[in-house]
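To start, the structure under review is shown below, and the notes come after it.
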Amino acid sequence: MSAIWGIVSLSGSEANAGRFHEVCKTSYKAKYRIDRYAQADLGSAHFGCGIQHITAESVNERLPVVDAEKGILFTADAVLDNRRDIIALLSKKGEDAALLADAPDGLLIFKTFLYYGTSCVKYLRGLFSFAVWHEREKKLLLFSDPVSSRCLYYTKQGDSIMFSTVIASIEAVFSDIPFNENYIKDFLLSDRATVCCVPGETLRDGVFLLTPATVMTFSESGVETETYMSSETLDIPALDQVYIKNLSSPEDYLNSFMHLYEDCIKDAMCTSGNVGLAMSSGLDSSSIGTVAAKQLEECGKKLFTYTFLPCRDMSGKNTETRVFDEAEAVKEITAMYPAMCPSFLRESDEDPILTQPAYEAVLEMPYKIMSYKNHFDMCKAAVDAGCKVFLNGGLGNLTVSFGSLEHIVYQLMVDGDTDSAARYVANYARHEGLDAGRFYASLMYDIHSFKKPGPVTATGFIPDNRFVSPSVLENYRFEERMNADSRKQAVSGFMSHKDYLTALFSPLLFMQTGVFETKLGLYHNVIVRDPTKDARMLKFCVKVPYHLFCNEGEPRWFIRHGFRDLLPKSVTAHWRAQSYLNADWTELTAENWENTKPVLKKVFLNHTMNKYLNIPLISSYIENADLGNSDARSLLSHIRTMYGILKFTEV
């Protein structure tokens with residue numbers, strides 16, 4: 001694994017290579033842990049690479065690569081999951097398979113590119129972003145993997161194009177890049193999960209993130225962008241596996257799913273070090289844990305699991321539908337698997353509002369979630385235990401454990417299959433001890449009353465964040481930007497199969513998680529991996545009959561049914577149970593409120609971006625809020641996210 005950077009001049013003018021590389025390396029060394037740095041130049045291009053020793057082969061990685069004969073400069077940030085396939089592919093081209101057996105991943109990708117050009121991405125499986133410079137043609141190519149697992153920023157300044165895994169390098173080289181105020185407005189106006197509405201934009205104006213499954217070509221004639229994978233274009237060689245062939249019955253699909261899931265987890269654990277896992281009692285991480293523990297035990301290794309618990313004792317608040325403290329459930333899981341070495345970490349007494357900016361500075365992005373500090377602490381503990389891979393199941397709710405009863409019954413009704421819809425509801429109600437007739441009637445009423453939301457318009461728009469000033473809408477292309485993220489409409493209310501595919505392939509979702517995983521891994525010198533968003537799993541989810549996600553009314557059927565004998569019944573049997581991360585963060589803020597108030601006031605009152613906020617209302621809230629009141633506490637999330645982005649944009 002690695003981090004990469006580079007700058008090229010399309011006109012052929014040469015930059016000061018030594019100074020450029022030193023500036024970039026300095027920006028990486030300031031925040032991130034890299035095992036080894038290297039750089040190379042070819043004509044008007046200067047590429048660099050910071051190697052992390054994650055796998056056995058990565059120790060021998062020699063990047064960047066210069067092919068003077070062909071006039072090509074290459075660098076990559078990658079871990080391949082299908083090394084054997086690539087070596088077999090190259091051997092058909094005359095390469096010596098024996099010599100390639102221990103070849104580093106970067107070299108394998110470079111050779112694949114030489115033979116297949118931009119089509120090489122169709123044969124690669126794993127995590128990657130890489131760059132190719134054609135000196136004679138004055139052409140730069142940038143590549144991303146299907147889900148943007150390894151973020152890559154780029155900017156065009158004059159005739160120069162720069163790219164980097166971290167935005168700090170670009171800011172160091174081009175120090176006068178202003179903030180993107182449209183991004184800030186998106187952040188304030190959009191829902192609480194989305195930080196930006198337009199895929200590819202960043203908080204810096206003119207600095208962009210490479211979108212998923214993209215090949216971007218820069219030349220003097222302009223910029224060309226090709227997207228090589230989407231929900232409609234999945235039949236490509238690297239994904240054409242046996243998992244979805246000749247399947248008919250639900251059991252066929254379930255067996256195929258289990259086979260595929262095991263393969264995805266096995267590939268994600270490729271490392272010369274130990275393996276850690278962010279473990280909860282939820283279906284995603286616990287299912288990953290059971291598979292990983294069994295596979296590692298066969299190799300004589302351990303799985304180090306890390307569970308984050310509330311600072312305050314929340315176990316008494318657990319119910320059949322809400323889980324605030326997961327300690328007991330996780331202990332029940334880990335007791336079943338000798339290879340699991342569990343650790344339980346607790347939140348500190350500090351106010352999470354005030355500690356948030358330090359983590360966002362590492363991630364180089366303001367976030368609207370609260371779990372990143374947990375992951376920082378868990379990653380650190382995992383690295384201390386010798387882990388080089390840290391697993392999580394972040395996208396599981398959209399892939400391996402997708403399957404809400406409401407969504408599937410809605411699609412059955414749309415399809416006119418009322419008999420199946422009634423049967424699914426009856427089975428669900430019977431299991432949950434509900435009155436089947438009343439439950440069915442209530443659900444049917446909601447479905448028939450449901451109107452899929454159309455495009456958002458500025459007329460009558462009321463932002464979710466009541467602290468936002470109406471002035472935020474000035475000089476803002478509201479309809480264009482707020483409707484750029486099609487997933488926002490797809491996940492509202494009842495989700496049809498078509499809506500699901502839109503949500504599953506959301507570029508913003510992939511990019512936001514990719515930035516988080518990349519920077520978290522660079523900070524700790526570990527690779528952060530999510531087997532639930534493996535490209536093969538995405539293909540499976542596209543091809544599987546939609547009703548099987550909640551087969552016969554059993555929510556999250558693939559995981560729940562497939563792991564019914566592998567996980568405790570306390571985990572699989574409660575169909576409505578949901579885990580709540582950071583369950584006590586509002587309590588911590590309330591306890592620290594008197595110390596937090598002056599810090600918040602100082603930032604909110606003196607920031608250049610406060611023109612977009614209703615400062616009198618914010619000041620009144622900070623001064624007078626009764627945080628013992630549930631309504632007042634519900635507004636804290638807005639204060640937290642606004643404080644985060646203001647701190648992030650301080651100058």
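Residue numbering restarts at 1 for every chain of the structure tokens, chains are lettered A, B, ... in their displayed order, and ligands are numbered from 1 as they appear.
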Checklist entry - Can you list every residue in range 144-373 of chain A that DSSP puts in alpha helix (DSSP H), as a VMD selection string? => result chain A and resid 167 to 173 181 to 189 250 to 268 283 to 298 327 to 334 352 to 363 372 to 373
Checklist entry - Per DSSP on the backbone, what are the strand (DSSP E) residues of range 125-155 of chain A, as a ChimeraX atom specification? => result /A:126-134,139-144,153-155
Produce a table with one row for each residue of range 444-489 of chain A that has an atom at most 10 Å from any atom of range 435-440 of chain A, each row naming the nearest atom pair and its distance in Å at one decimal; use only C-alpha atoms; arrange rows by chain and rising residue number; format as CSV.
residue,atom,partner,partner_atom,distance
A:Met444,CA,A:Tyr440,CA,6.0
A:Tyr445,CA,A:Tyr440,CA,8.5
A:Asp446,CA,A:Tyr440,CA,9.9
I need the chosen residues saved as a PDB file, in the first residue's frame, with C-alpha atoms.
ATOM      1  CA  MET A 444     -50.375  -0.939   3.272  1.00  0.00           C
ATOM      2  CA  TYR A 445     -51.688   2.471   4.270  1.00  0.00           C
ATOM      3  CA  ASP A 446     -48.146   3.864   4.370  1.00  0.00           C
TER       4      ASP A 446
END
Checklist entry - Using only C-alpha atoms, which of A:Ser2, A:Ser348, A:Ser634, A:Thr112 sits nearest Val79 in chain A? => result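 Answer, going by the shortest atom-to-atom distance: A:Ser2.
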